[in-house]
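**Q** Before I ask anything, let me first share the structure, which is written out below as structure tokens.
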Amino acid sequence: MVSSTFMSPVDNLGRYLRTFVSGTARPTDVEDIVIGSVTIPKYTNEFWTSRQRQASSLHEISYRACFKPQLPRFFIDLLTRKGDVVYDPFSGRGTTVIEAGLSGRNVLANDANPLSRIITEPRFFPPDPAAVEKRLVSIPRDGEGAAIDLSMFYHPDTEKEIAALKRYILNRRADCRDDMIDRWIAMVATNRLTGHSKGFFSVYTLPPNQAVSQQSQHRINQKLQQTPDYRETHRIILNKTKSLLRSLSPSMKMNLKRAGKKARLLTGDARSTPEIPDSSVQLTVTSPPFLDIVQYREDNWLRCWFNGYDEKIIGDQITMARNPAEWSGVMSAVFRELFRITSPGGYVAFEVGEVRKRTIQLEEYVVSPGINAGFTCEGVLINQQVFTKTSKIWGVGNMASGTNTNRIVIFHKS
């Protein structure tokens with residue numbers, strides 16, 4: 001059933017962006033750019049910063065290539081009202097839909113990776129830490145270790161606890177007896193498998209949004225002259241639980257629970273989502289896989305093992321186009337599906353990036369597919385932030401050749 005025309009809170013989006021003034025009194029820089037056969041405006045400003053609105057602690061879940069919560073919140077506040085439906089077809093760690101749930105919106109999410117649902121769904125139903133502690137006491141810690149060699153990551157006793165927790169979670173899932181507390185524990189454990197502090201199960205390794213191979217971890221251990229020490233997994237899970245919940249107010253918990261009860265969290269191809277009705281989504285905020293710059297299979301192999309998935313099968317399901325033309329072809333099919341499910345008057349905020357040392361700007365390969373699907377392109381929004389420190393995660397300085405802006409192409413179904 002086609003819904004009536006959706007009216008966003010902003011009467012004229014272009015006028016709003018043109019007249020926007022940042023928190024540092026910076027006016028928006030506007031210029032017309034030509035992409036393909038169309039001329040569209042490009043708006044550059046500091047539209048949001050982490051300083052302006054502190055993100056919820058509930059977002060502190062590690063995942064590769066995810067944007068900060070302030071990005072979807074900007075568009076959620078600007079283009080939707082409470083009760084509207086917000087969607088993300090490449091949901092990842094669930095940043096868009098969690099932020100939408102916190103702000104009283106209804107949510108839809110999709111991702112080809114089943115890990116996305118595992119780390120998203122439980123956060124709509126935040127538990128009482130006492131209930132998590134009670135459940136942890138009932139979960140065995142002993143038994144056989146892992147069936148694969150994980151000695152380079154974990155102390156033998158830690159490995160036994162992880163293996164016992166894995167058996168418990170998978171058995172509960174297989175018997176359809178896993179409740180939201182079990183799923184919360186699985187979510188937290190999945191995100192505590194490896195990292196670079198005492199708050200993780202592993203010895204020091206790369207940042208927690210990726211897992212290196214066994215061979216690479218051997219080299220790290222040799223370089224740092226380290227041996228895995230014992231980490232008490234149940235205590236780490238409980239501590240992380242308290243940390244995730246620390247900023248949630250009663251109203252936020254109520255909003256999340258209300259959204260969670262209605263949520264549709266799909267696992268599949270964003271090009272085909274028959275579960276989503278026509279004209280039912282008021283706003284999509286998403287960031288698709290960017291060519292082949294992030295290796296989702298290699299980064300998530302340990303999380304897949306813990307949750308009983310074959311990382312090779314999952315890796316093959318995730319679109320990893322190797323050139324812009326191929327990537328644009330995939331996105332064309334995604335836009336056709338987005339046009340079908342978007343309400344008349346609804347919007348799509350499509351975050352792209354500067355990849356391969358800024359030699360490729362993906363908005364050039366997004367505008368035409370969106371227009372050909374039936375959308376009007378409202379322009380490109382560039383959120384330009386001033387960094388106070390330089391990240392070396394990618395092996396380069398952020399301001400030198402990493403991405404220091406968010407680039408969002410905005411579409412409207414008129």
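Starting from 1 in every chain, residues are counted up; chains themselves are A, B, ... following the order of the structure tokens, and ligands are numbered from 1 as listed.
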Taking the DSSP secondary structure from the backbone, can you list the residues of stretch 351-385 of chain A that are alpha helix (DSSP H), as a list of chain:residue names?
**A** A:Val367, A:Ser368, A:Pro369, A:Gly370, A:Ile371, A:Asn372, A:Ala373
**Q** Write out, as a CSV table (one decimal), in the first residue's frame, the residues just selected, with all heavy atoms.
**A**
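Saved to again00.csv:
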```csv
chain,number,residue,atom,x,y,z
A,367,VAL,N,25.4,10.0,-8.1
A,367,VAL,CA,24.4,10.9,-8.5
A,367,VAL,C,23.5,10.4,-9.7
A,367,VAL,O,22.3,10.4,-9.6
A,367,VAL,CB,25.0,12.3,-8.9
A,367,VAL,CG1,23.9,13.2,-9.6
A,367,VAL,CG2,25.6,13.0,-7.7
A,368,SER,N,24.2,9.9,-10.7
A,368,SER,CA,23.4,9.4,-11.9
A,368,SER,C,22.6,8.2,-11.5
A,368,SER,O,21.4,8.1,-11.9
A,368,SER,CB,24.4,9.1,-13.1
A,368,SER,OG,24.9,10.3,-13.6
A,369,PRO,N,23.1,7.2,-10.8
A,369,PRO,CA,22.2,6.1,-10.4
A,369,PRO,C,21.0,6.5,-9.6
A,369,PRO,O,19.9,6.0,-9.8
A,369,PRO,CB,23.1,5.2,-9.6
A,369,PRO,CG,24.5,5.5,-10.2
A,369,PRO,CD,24.5,6.9,-10.5
A,370,GLY,N,21.2,7.5,-8.7
A,370,GLY,CA,20.1,7.9,-7.9
A,370,GLY,C,19.0,8.6,-8.8
A,370,GLY,O,17.8,8.4,-8.6
A,371,ILE,N,19.5,9.5,-9.7
A,371,ILE,CA,18.5,10.2,-10.6
A,371,ILE,C,17.8,9.2,-11.5
A,371,ILE,O,16.6,9.3,-11.8
A,371,ILE,CB,19.3,11.3,-11.4
A,371,ILE,CG1,19.7,12.4,-10.4
A,371,ILE,CG2,18.4,11.9,-12.5
A,371,ILE,CD1,20.6,13.5,-11.0
A,372,ASN,N,18.6,8.3,-12.1
A,372,ASN,CA,18.0,7.3,-13.0
A,372,ASN,C,17.0,6.5,-12.3
A,372,ASN,O,16.0,6.0,-13.0
A,372,ASN,CB,19.1,6.4,-13.6
A,372,ASN,CG,20.0,7.2,-14.5
A,372,ASN,OD1,19.6,8.2,-15.1
A,372,ASN,ND2,21.2,6.7,-14.8
A,373,ALA,N,17.1,6.3,-11.0
A,373,ALA,CA,16.1,5.5,-10.3
A,373,ALA,C,14.8,6.3,-10.0
A,373,ALA,O,13.8,5.7,-9.7
A,373,ALA,CB,16.7,5.1,-8.9
```
**Q** List as a ChimeraX atom specification the protein and nucleic acid residues near stretch 308-317 of chain A, meaning an atom at most 10 Å away when only C-alpha atoms are counted, but skip any in the same chain fewer than 3 places from it.
**A** /A:111-115,166-167,169-170,268-269,295-305,320
**Q** What lies within 9 Å of A:Glu121 using only C-alpha atoms, ignoring chain neighbours under 5 positions off, as a ChimeraX atom specification?
**A** /A:94,116,180,183-184,187,260,263,265
**Q** Can you pull out every residue within 9 Å of stretch 204-220 of chain A, counting only C-alpha atoms, but drop anything in the same chain fewer than 2 positions away, and send it as a VMD selection string?
**A** chain A and resid 61 to 65 149 to 153 191 to 198 200 202 222 to 226 228 296 298 to 303 393
**Q** Pick out the residues sitting within 7 Å of A:Ile408, and hand them over as a list in words; count only C-alpha atoms, and ignore anything fewer than 4 positions along from it in its own chain.
**A** Ala349, Phe350, Glu351, Val352, Val380, Leu381 and Ile382 of chain A
